[in-house]
$ cat start16.tsv   # TSV, C-alpha atoms and all ligand atoms
chain	number	residue	atom	x	y	z
Q	1	MET	CA	0.00	0.00	0.00
Q	2	ASN	CA	1.26	3.47	-0.88
Q	3	LYS	CA	2.03	5.67	2.10
Q	4	ILE	CA	0.04	8.85	2.67
Q	5	LEU	CA	1.70	12.04	1.41
Q	6	THR	CA	0.98	15.09	3.60
Q	7	LEU	CA	1.72	18.65	2.52
Q	8	GLY	CA	2.45	20.81	5.59
Q	9	ILE	CA	2.08	24.60	5.56
Q	10	GLU	CA	3.28	26.98	8.29
Q	11	THR	CA	2.93	30.79	8.34
Q	12	SER	CA	2.25	31.61	12.02
Q	13	CYS	CA	5.04	34.17	12.48
Q	14	ASP	CA	8.03	35.16	10.33
Q	15	GLU	CA	8.84	31.97	8.41
Q	16	THR	CA	6.94	30.95	5.29
Q	17	ALA	CA	7.32	27.17	5.23
Q	18	ALA	CA	6.07	24.11	3.35
Q	19	ALA	CA	7.09	20.46	3.60
Q	20	VAL	CA	6.11	17.07	2.20
Q	21	LEU	CA	5.96	14.09	4.55
Q	22	CYS	CA	5.59	10.44	3.49
Q	23	GLY	CA	3.72	8.37	6.10
Q	24	GLY	CA	4.30	9.65	9.63
Q	25	ARG	CA	8.05	10.10	9.73
Q	26	GLU	CA	9.74	10.19	6.34
Q	27	LEU	CA	10.46	13.79	5.40
Q	28	LEU	CA	10.70	14.28	1.62
Q	29	SER	CA	11.20	18.06	1.63
Q	30	ASN	CA	11.35	20.92	4.13
Q	31	VAL	CA	11.42	24.44	2.67
Q	32	ILE	CA	11.69	27.48	4.96
Q	33	SER	CA	11.79	31.04	3.67
Q	34	THR	CA	12.73	33.22	6.61
Q	35	GLN	CA	11.78	36.88	6.95
Q	36	ILE	CA	14.24	37.52	9.78
Q	37	PRO	CA	16.49	39.95	7.82
Q	38	LEU	CA	13.39	41.98	6.92
Q	39	HIS	CA	12.21	42.37	10.53
Q	40	ARG	CA	15.68	42.79	12.02
Q	41	LYS	CA	15.84	46.54	11.37
Q	42	PHE	CA	12.64	46.97	13.45
Q	43	GLY	CA	14.03	44.88	16.35
Q	44	GLY	CA	11.14	42.38	16.16
Q	45	VAL	CA	8.39	40.99	13.92
Q	46	VAL	CA	6.13	43.63	12.33
Q	47	PRO	CA	2.82	41.74	11.83
Q	48	GLU	CA	1.64	43.65	8.74
Q	49	ILE	CA	4.97	43.19	6.96
Q	50	ALA	CA	4.96	39.49	7.91
Q	51	SER	CA	1.49	38.95	6.35
Q	52	ARG	CA	2.43	40.72	3.13
Q	53	LYS	CA	5.66	38.80	2.78
Q	54	HIS	CA	3.84	35.49	3.39
Q	55	ILE	CA	1.47	36.37	0.51
Q	56	VAL	CA	4.43	36.89	-1.83
Q	57	ASN	CA	6.27	33.75	-0.69
Q	58	ILE	CA	3.59	31.15	-0.04
Q	59	MET	CA	3.05	29.69	-3.53
Q	60	PRO	CA	6.77	29.64	-4.54
Q	61	VAL	CA	7.59	27.94	-1.21
Q	62	ILE	CA	4.85	25.31	-1.74
Q	63	ASP	CA	6.03	24.76	-5.34
Q	64	GLU	CA	9.59	24.25	-4.13
Q	65	ALA	CA	8.49	21.81	-1.40
Q	66	ILE	CA	6.55	19.77	-3.97
Q	67	SER	CA	9.32	19.72	-6.58
Q	68	SER	CA	12.18	18.99	-4.19
Q	69	ALA	CA	10.11	16.11	-2.74
Q	70	GLY	CA	10.10	14.68	-6.30
Q	71	VAL	CA	6.28	14.55	-6.42
Q	72	THR	CA	3.46	16.53	-8.02
Q	73	LEU	CA	0.53	18.29	-6.33
Q	74	ARG	CA	-1.80	15.55	-7.66
Q	75	LYS	CA	0.08	12.97	-5.61
Q	76	ILE	CA	-0.57	14.80	-2.30
Q	77	ASN	CA	-3.23	13.02	-0.18
Q	78	GLN	CA	-3.91	15.63	2.52
Q	79	ILE	CA	-2.91	19.13	3.66
Q	80	ALA	CA	-2.00	20.12	7.23
Q	81	VAL	CA	-1.82	23.81	8.08
Q	82	THR	CA	-1.12	25.81	11.25
Q	83	ARG	CA	-4.36	27.33	12.59
Q	84	GLY	CA	-2.83	28.94	15.71
Q	85	PRO	CA	-1.38	30.26	17.91
Q	86	GLY	CA	0.32	33.03	15.96
Q	87	LEU	CA	-0.24	36.34	14.19
Q	88	ALA	CA	-3.79	36.51	12.77
Q	89	GLY	CA	-2.89	37.96	9.37
Q	90	ALA	CA	0.11	35.67	8.97
Q	91	LEU	CA	-1.90	32.54	9.87
Q	92	LEU	CA	-4.64	33.48	7.40
Q	93	VAL	CA	-2.22	33.42	4.46
Q	94	GLY	CA	-1.27	29.78	5.11
Q	95	ILE	CA	-4.86	28.78	5.89
Q	96	SER	CA	-6.17	30.40	2.67
Q	97	ALA	CA	-3.53	28.65	0.57
Q	98	ALA	CA	-4.28	25.31	2.26
Q	99	LYS	CA	-8.05	25.68	1.84
Q	100	SER	CA	-7.72	26.61	-1.85
Q	101	LEU	CA	-5.47	23.63	-2.58
Q	102	SER	CA	-7.65	21.25	-0.59
Q	103	TYR	CA	-10.73	22.42	-2.52
Q	104	ALA	CA	-9.03	22.31	-5.92
Q	105	LEU	CA	-7.41	18.91	-5.34
Q	106	LYS	CA	-10.43	17.48	-3.44
Q	107	ILE	CA	-8.23	16.29	-0.56
Q	108	PRO	CA	-8.72	16.56	3.23
Q	109	LEU	CA	-7.63	19.62	5.21
Q	110	ILE	CA	-6.23	19.39	8.76
Q	111	GLY	CA	-5.95	22.45	11.01
Q	112	VAL	CA	-2.95	22.00	13.33
Q	113	ASN	CA	-1.97	23.52	16.67
Q	114	HIS	CA	1.50	25.04	16.22
Q	115	LEU	CA	2.63	24.12	19.77
Q	116	GLU	CA	1.67	20.47	19.26
Q	117	GLY	CA	3.61	20.71	15.99
Q	118	HIS	CA	6.77	21.71	17.88
Q	119	ILE	CA	6.53	18.51	19.97
Q	120	PHE	CA	5.99	16.40	16.82
Q	121	ALA	CA	9.25	17.72	15.31
Q	122	ASN	CA	10.85	15.14	17.59
Q	123	PHE	CA	9.19	12.22	15.76
Q	124	LEU	CA	11.04	13.34	12.63
Q	125	SER	CA	14.42	13.74	14.32
Q	126	SER	CA	14.02	10.53	16.35
Q	127	PRO	CA	11.83	8.07	14.38
Q	128	GLU	CA	12.05	5.54	17.23
Q	129	LEU	CA	10.31	7.91	19.68
Q	130	GLU	CA	6.84	6.87	20.92
Q	131	PRO	CA	4.59	8.32	23.66
Q	132	PRO	CA	4.31	8.35	26.66
Q	133	PHE	CA	6.81	11.09	27.46
Q	134	LEU	CA	7.22	14.47	29.14
Q	135	SER	CA	7.72	17.42	26.81
Q	136	LEU	CA	9.17	20.80	27.64
Q	137	VAL	CA	7.96	23.25	24.98
Q	138	VAL	CA	9.95	26.49	24.97
Q	139	SER	CA	9.30	28.95	22.17
Q	140	GLY	CA	9.05	32.69	21.59
Q	141	GLY	CA	5.46	32.77	22.85
Q	142	HIS	CA	5.14	29.73	25.15
Q	143	THR	CA	6.83	27.82	27.94
Q	144	ALA	CA	4.98	24.67	28.95
Q	145	LEU	CA	5.43	21.22	30.46
Q	146	ILE	CA	3.20	18.65	28.80
Q	147	LYS	CA	2.59	15.00	29.56
Q	148	MET	CA	1.87	13.19	26.31
Q	149	THR	CA	0.39	9.72	26.76
Q	150	GLY	CA	-0.67	9.13	23.14
Q	151	TYR	CA	-0.49	10.93	19.80
Q	152	ASN	CA	-3.71	12.75	20.65
Q	153	ASN	CA	-3.48	12.85	24.44
Q	154	PHE	CA	-1.87	15.93	25.94
Q	155	GLU	CA	-1.98	16.95	29.59
Q	156	LEU	CA	-0.76	20.45	30.42
Q	157	LEU	CA	1.17	20.22	33.70
Q	158	GLY	CA	2.23	23.86	33.85
Q	159	GLN	CA	3.03	26.90	31.76
Q	160	SER	CA	4.40	30.41	32.00
Q	161	ARG	CA	2.22	32.85	33.92
Q	162	ASP	CA	3.82	35.80	32.13
Q	163	ASP	CA	6.72	36.00	29.65
Q	164	ALA	CA	7.77	32.92	27.71
Q	165	ALA	CA	11.44	31.93	27.99
Q	166	GLY	CA	12.13	32.95	24.36
Q	167	GLU	CA	10.44	36.30	24.95
Q	168	ALA	CA	12.80	36.98	27.89
Q	169	PHE	CA	15.81	36.09	25.70
Q	170	ASP	CA	14.58	38.41	22.94
Q	171	LYS	CA	13.75	41.37	25.22
Q	172	ILE	CA	17.07	41.24	27.08
Q	173	ALA	CA	18.99	40.93	23.81
Q	174	ARG	CA	17.18	43.98	22.47
Q	175	VAL	CA	18.24	46.10	25.46
Q	176	MET	CA	21.80	44.80	24.98
Q	177	ASN	CA	21.65	46.03	21.35
Q	178	LEU	CA	21.93	42.51	19.95
Q	179	PRO	CA	20.13	41.82	16.65
Q	180	TYR	CA	16.70	40.13	16.42
Q	181	PRO	CA	16.04	37.30	17.20
Q	182	GLY	CA	17.94	37.62	20.46
Q	183	GLY	CA	17.92	34.00	21.63
Q	184	PRO	CA	20.68	32.72	19.32
Q	185	GLU	CA	22.71	35.92	19.96
Q	186	ILE	CA	22.59	35.48	23.76
Q	187	ASP	CA	23.46	31.80	23.27
Q	188	LYS	CA	26.56	32.81	21.24
Q	189	LEU	CA	27.63	35.60	23.61
Q	190	ALA	CA	27.11	33.41	26.70
Q	191	LYS	CA	29.82	31.04	25.43
Q	192	LEU	CA	32.35	33.86	26.03
Q	193	GLY	CA	31.12	34.70	29.56
Q	194	ASP	CA	31.16	33.33	33.11
Q	195	PRO	CA	27.74	31.83	33.97
Q	196	ASN	CA	28.44	32.32	37.69
Q	197	ALA	CA	29.59	35.96	37.45
Q	198	ILE	CA	26.21	37.49	38.41
Q	199	THR	CA	23.49	36.06	40.66
Q	200	PHE	CA	20.07	36.82	39.24
Q	201	PRO	CA	17.02	35.71	41.25
Q	202	HIS	CA	15.67	32.28	40.37
Q	203	PRO	CA	11.97	32.53	39.49
Q	204	LYS	CA	9.95	30.97	42.34
Q	205	VAL	CA	6.58	29.64	41.23
Q	206	ALA	CA	4.75	26.73	42.82
Q	207	GLY	CA	4.08	23.51	40.89
Q	208	TYR	CA	5.01	23.25	37.25
Q	209	ASP	CA	4.16	26.81	36.21
Q	210	PHE	CA	6.91	29.19	35.15
Q	211	SER	CA	7.48	32.94	35.37
Q	212	PHE	CA	10.23	34.81	33.57
Q	213	SER	CA	9.15	38.46	33.85
Q	214	GLY	CA	10.80	38.94	37.30
Q	215	LEU	CA	14.09	37.55	36.01
Q	216	LYS	CA	13.81	39.68	32.88
Q	217	SER	CA	13.26	42.83	35.03
Q	218	ALA	CA	16.21	41.93	37.28
Q	219	VAL	CA	18.53	41.68	34.26
Q	220	LEU	CA	17.18	44.91	32.75
Q	221	ASN	CA	17.61	46.71	36.13
Q	222	PHE	CA	21.17	45.42	36.35
Q	223	LEU	CA	21.94	46.79	32.87
Q	224	ASN	CA	20.22	50.16	33.54
Q	225	THR	CA	21.93	50.65	36.92
Q	226	ALA	CA	25.34	49.93	35.43
Q	227	GLN	CA	24.66	52.36	32.60
Q	228	MET	CA	23.48	55.13	34.98
Q	229	LYS	CA	26.53	54.72	37.20
Q	230	GLY	CA	28.82	54.56	34.18
Q	231	GLU	CA	30.07	51.14	35.33
Q	232	LYS	CA	31.70	48.90	32.75
Q	233	ILE	CA	30.09	45.47	32.65
Q	234	SER	CA	30.82	42.32	30.71
Q	235	ALA	CA	27.93	41.72	28.30
Q	236	ALA	CA	29.12	38.11	27.95
Q	237	ASP	CA	28.86	37.58	31.73
Q	238	VAL	CA	25.32	39.06	31.76
Q	239	ALA	CA	24.30	36.76	28.87
Q	240	ALA	CA	25.88	33.68	30.48
Q	241	SER	CA	24.44	34.39	33.95
Q	242	PHE	CA	20.94	35.09	32.62
Q	243	GLN	CA	21.03	31.99	30.42
Q	244	ARG	CA	22.21	29.83	33.33
Q	245	THR	CA	19.28	31.02	35.47
Q	246	VAL	CA	16.73	30.26	32.73
Q	247	VAL	CA	18.26	26.88	31.92
Q	248	GLU	CA	18.46	25.82	35.59
Q	249	THR	CA	14.81	26.81	36.15
Q	250	LEU	CA	13.60	24.90	33.08
Q	251	ALA	CA	15.71	21.83	33.89
Q	252	GLU	CA	14.71	21.69	37.59
Q	253	LYS	CA	10.96	21.71	36.86
Q	254	THR	CA	11.28	19.27	33.98
Q	255	LEU	CA	13.22	16.73	36.05
Q	256	ALA	CA	10.84	17.11	39.01
Q	257	ALA	CA	7.82	16.49	36.73
Q	258	ALA	CA	9.49	13.44	35.13
Q	259	GLU	CA	10.02	12.00	38.61
Q	260	GLU	CA	6.51	12.76	39.90
Q	261	PHE	CA	4.76	11.40	36.81
Q	262	LYS	CA	7.20	8.48	36.39
Q	263	LEU	CA	8.07	9.36	32.80
Q	264	ASP	CA	11.43	8.11	31.56
Q	265	LYS	CA	11.57	10.05	28.28
Q	266	ILE	CA	12.12	13.81	28.11
Q	267	VAL	CA	11.37	15.58	24.85
Q	268	LEU	CA	12.55	19.14	24.26
Q	269	ALA	CA	10.65	21.28	21.73
Q	270	GLY	CA	10.31	24.84	20.37
Q	271	GLY	CA	12.74	27.51	19.20
Q	272	VAL	CA	14.58	27.75	22.53
Q	273	ALA	CA	15.34	24.01	22.22
Q	274	ALA	CA	18.11	25.23	19.88
Q	275	ASN	CA	19.86	26.73	22.92
Q	276	SER	CA	23.16	24.89	23.36
Q	277	SER	CA	23.24	25.20	27.14
Q	278	LEU	CA	19.63	24.00	27.62
Q	279	GLU	CA	20.25	20.97	25.44
Q	280	LYS	CA	23.55	20.14	27.18
Q	281	THR	CA	22.17	20.61	30.71
Q	282	LEU	CA	19.10	18.46	30.07
Q	283	ARG	CA	21.15	15.81	28.29
Q	284	THR	CA	23.63	15.55	31.19
Q	285	SER	CA	20.89	15.50	33.85
Q	286	CYS	CA	18.92	12.85	31.95
Q	287	THR	CA	21.98	10.63	31.51
Q	288	ARG	CA	22.73	10.92	35.24
Q	289	ARG	CA	19.18	9.84	36.14
Q	290	GLY	CA	18.85	7.11	33.53
Q	291	LEU	CA	16.25	9.06	31.54
Q	292	LYS	CA	16.15	9.12	27.73
Q	293	PHE	CA	16.52	12.57	26.20
Q	294	PHE	CA	15.21	13.68	22.79
Q	295	TYR	CA	15.47	17.02	21.02
Q	296	PRO	CA	14.94	18.03	17.39
Q	297	THR	CA	17.76	18.77	14.94
Q	298	LYS	CA	18.41	22.54	14.78
Q	299	ILE	CA	16.38	23.13	11.60
Q	300	LEU	CA	13.34	21.41	13.18
Q	301	CYS	CA	13.61	23.36	16.51
Q	302	THR	CA	12.47	26.69	15.11
Q	303	ASP	CA	9.34	27.18	12.99
Q	304	ASN	CA	8.96	24.79	10.05
Q	305	ALA	CA	6.20	22.99	8.14
Q	306	ALA	CA	7.63	19.47	8.55
Q	307	MET	CA	6.46	19.41	12.18
Q	308	ILE	CA	2.99	20.65	11.08
Q	309	ALA	CA	2.74	17.86	8.47
Q	310	CYS	CA	3.78	15.31	11.11
Q	311	ARG	CA	1.22	16.58	13.65
Q	312	GLY	CA	-1.44	16.56	10.91
Q	313	PHE	CA	-0.63	12.95	9.98
Q	314	TYR	CA	-1.33	11.69	13.52
Q	315	GLN	CA	-4.34	13.93	14.14
Q	316	LYS	CA	-7.75	12.27	14.02
Q	317	ASN	CA	-9.97	15.25	13.25
Q	318	PHE	CA	-10.18	16.95	9.86
Q	319	SER	CA	-11.25	20.52	9.11
Q	320	ASP	CA	-13.62	21.97	6.52
Q	321	SER	CA	-13.80	25.23	4.58
Q	322	THR	CA	-14.80	27.11	7.76
Q	323	LEU	CA	-11.29	26.61	9.19
Q	324	ASN	CA	-10.14	29.93	10.64
Q	325	ALA	CA	-7.07	31.36	12.36
Q	326	VAL	CA	-7.05	31.16	16.18
Q	327	PRO	CA	-4.27	33.59	17.18
Q	328	ASN	CA	-4.36	32.73	20.91
Q	329	LEU	CA	-4.99	28.98	20.58
Q	330	GLY	CA	-3.83	27.14	23.71
Q	331	LEU	CA	-2.67	23.57	24.03
H	1	LIG	O1	9.46	28.22	18.09
H	1	LIG	P1	9.95	29.47	17.53
H	1	LIG	O2	10.75	29.42	16.25
H	1	LIG	O3	8.78	30.46	17.28
H	1	LIG	C1	7.66	30.50	18.11
H	1	LIG	O4	6.78	29.62	17.94
H	1	LIG	O5	7.66	31.37	19.00
H	1	LIG	O6	10.81	30.16	18.67
H	1	LIG	C2	11.45	31.37	18.47
H	1	LIG	C3	12.15	31.71	19.76
H	1	LIG	C4	12.71	33.13	19.78
H	1	LIG	O7	12.37	33.72	21.00
H	1	LIG	C5	14.20	32.90	19.64
H	1	LIG	O8	14.97	33.94	20.23
H	1	LIG	C6	14.37	31.60	20.39
H	1	LIG	O9	13.28	30.83	19.96
H	1	LIG	N1	15.63	30.92	20.06
H	1	LIG	C7	16.61	30.71	20.97
H	1	LIG	C8	17.68	30.09	20.27
H	1	LIG	N2	17.30	29.93	18.97
H	1	LIG	C9	16.04	30.44	18.88
H	1	LIG	N3	16.66	31.00	22.28
H	1	LIG	C10	17.79	30.68	22.94
H	1	LIG	N4	18.86	30.11	22.34
H	1	LIG	C11	18.84	29.79	21.02
H	1	LIG	N5	19.91	29.20	20.45
H	2	ZN	ZN	7.08	28.13	16.91

$ encode --input "start16.tsv" --output "structure tokens" --more "lines below"
Ligand code: KG4
Ligand code: ZN
Amino acid sequence: MNKILTLGIETSCDETAAAVLCGGRELLSNVISTQIPLHRKFGGVVPEIASRKHIVNIMPVIDEAISSAGVTLRKINQIAVTRGPGLAGALLVGISAAKSLSYALKIPLIGVNHLEGHIFANFLSSPELEPPFLSLVVSGGHTALIKMTGYNNFELLGQSRDDAAGEAFDKIARVMNLPYPGGPEIDKLAKLGDPNAITFPHPKVAGYDFSFSGLKSAVLNFLNTAQMKGEKISAADVAASFQRTVVETLAEKTLAAAEEFKLDKIVLAGGVAANSSLEKTLRTSCTRRGLKFFYPTKILCTDNAAMIACRGFYQKNFSDSTLNAVPNLGL
């Protein structure tokens, strides 16, 4: 029997992406057209510019995904598209393209939750991975601990009450005059600094919820005070000390949840999963405790359509032509 071919489409933020997946785990193509250079001069994503750029890019990106997969549109069996969370206008571009193709080709349409997609990126990087597991999802907009007991069974154990981890990285980087997106820049700079040089307060939140706004304010206050007093500080030490605090907080809660819920697999997901220190810390801690650790390859950590196609493949419910963007969609 021929395997199902899924076309994935992702336009929730500043990447226009399309991918073709064969069955549940065999990636045939993964095309990502990033808008980062365009938004960099504004220090962050400008929603209106993002939507317009998605409109220009969407069909060429889909065409490239189809041709580099070595297939034709007629061979595609179903289309999975991000329906939220994300920027409304940006999401609508992907959804409109997906709906039009699904109607023209008479094939099913699947509206996908972007956060679930981030977790599913791991099935592509590690084809042997199966639920149950504990997933730490850390992106620009979300920080969450999720217990996944089946492909369609998610239990939210905790999430950020304010800023997401990626948001804190980006805001601090901006004040330090580092280019957008700030996460990878802080990651790079932190390698040159001493992670124990400055003690920033560890966020203290009960249970498995997170909070990063207090830590963010403490780092910003530190930078402002130094500037007002004309004190010279090491930007690398600030980056390394801030990053250590975030990584320790994320790792502590993740390991505690794995122990309480008796889960022996830890799955890292989302853009911040690309952080070298987070990956290394979790890997070391998991090895020490006899837990298995999974994280996506770099290209599958940040936004892409391969993860959306994979989520769509395992999803049981299909969408119809009323599918709409849900900018604040939760897990
Ligand atoms: O998942 P993602 O691509 O988009 C959202 O769904 O939000 O995540 C983007 C976030 C940004 O905040 C970016 O700064 C952060 O991931 N990020 C990183 C690294 N690479 C990307 N944060 C820390 N270290 C990195 N290496
Ligand atoms: Zn994302």

$ closest_residue --input "start16.tsv" --among "Q:Asp170, Q:Asp187, Q:Glu26, Q:Glu116" --to "Leu156 (chain Q)" --atoms "all atoms listed in the file"
Q:Glu116

$ closest_residue --input "start16.tsv" --among "Q:Ser100, Q:Ser12, Q:Thr149, Q:Asn57" --to "Gly86 (chain Q)" --atoms "all atoms listed in the file"
Q:Ser12

$ residues_near_ligand --input "start16.tsv" --ligand "ligand LIG 1 (chain H)" --cutoff "7 Å" --atoms "only C-alpha atoms and all ligand atoms" --output "ChimeraX atom specification"
/Q:139-142,166-167,169-170,181-184,186-187,270-276,301-303

$ atom_distance --input "start16.tsv" --atom1 "CA of Val93 (chain Q)" --atom2 "CA of Arg52 (chain Q)"
8.8 Å

$ closest_residue --input "start16.tsv" --among "Q:Ala236, Q:Leu134, Q:Leu331, Q:Ile32" --to "Phe293 (chain Q)" --atoms "all atoms listed in the file"
Q:Leu134

$ closest_residue --input "start16.tsv" --among "Q:Leu250, Q:Ile36, Q:Leu115, Q:Ile146" --to "ligand ZN 2 (chain H)" --atoms "all atoms listed in the file"
Q:Leu115

$ residues_around --input "start16.tsv" --residues "Leu223 (chain Q)" --least-positions-apart "4" --cutoff "12 Å" --atoms "all atoms listed in the file" --output "list of chain:residue names"
Q:Ile172, Q:Ala173, Q:Arg174, Q:Val175, Q:Met176, Q:Asn177, Q:Ile198, Q:Phe200, Q:Lys216, Q:Ser217, Q:Ala218, Q:Val219, Q:Gln227, Q:Met228, Q:Lys229, Q:Gly230, Q:Glu231, Q:Lys232, Q:Ile233, Q:Ser234, Q:Ala235, Q:Asp237, Q:Val238, Q:Ala239, Q:Phe242

$ atom_distance --input "start16.tsv" --atom1 "CA of Asn304 (chain Q)" --atom2 "CA of Thr245 (chain Q)"
28.1 Å

$ axis_aligned_box --input "start16.tsv" --around "region 151-164 of chain Q" --padding-each-side "5 Å" --output "lines of an AutoDock Vina configuration file"
center_x = 2.0
center_y = 23.5
center_z = 26.9
size_x = 21.5
size_y = 35.1
size_z = 24.1

$ atom_distance --input "start16.tsv" --atom1 "CA of Ala69 (chain Q)" --atom2 "CA of Ala17 (chain Q)"
13.9 Å

$ closest_residue --input "start16.tsv" --among "Q:Gly89, Q:Gly24, Q:Pro37, Q:Gly117" --to "ligand ZN 2 (chain H)" --atoms "all atoms listed in the file"
Q:Gly117

$ closest_residue --input "start16.tsv" --among "Q:Gln35, Q:Ser126, Q:Gln78, Q:Thr143" --to "Lys99 (chain Q)" --atoms "all atoms listed in the file"
Q:Gln78

$ residues_near_point --input "start16.tsv" --point "(20.5, 20.0, 33.5)" --cutoff "12 Å" --atoms "all atoms listed in the file" --output "JSON, numbers by chain"
{"Q": [244, 245, 246, 247, 248, 249, 250, 251, 252, 253, 254, 255, 256, 266, 276, 277, 278, 279, 280, 281, 282, 283, 284, 285, 286, 287, 288, 289, 291, 293]}

$ residues_around --input "start16.tsv" --residues "Leu87 (chain Q)" --least-positions-apart "2" --cutoff "9 Å" --atoms "all atoms listed in the file" --output "count of residues only"
16

$ residues_around --input "start16.tsv" --residues "Asn152 (chain Q)" --least-positions-apart "5" --cutoff "9 Å" --atoms "all atoms listed in the file" --output "compact mmCIF listing (two decimals) with C-alpha atoms, in the coordinates of the input"
# COMPACT_ATOMS: atom_id res chain seq x y z
CA TYR Q 314 -1.33 11.69 13.52
CA GLN Q 315 -4.34 13.93 14.14
CA LYS Q 316 -7.75 12.27 14.02
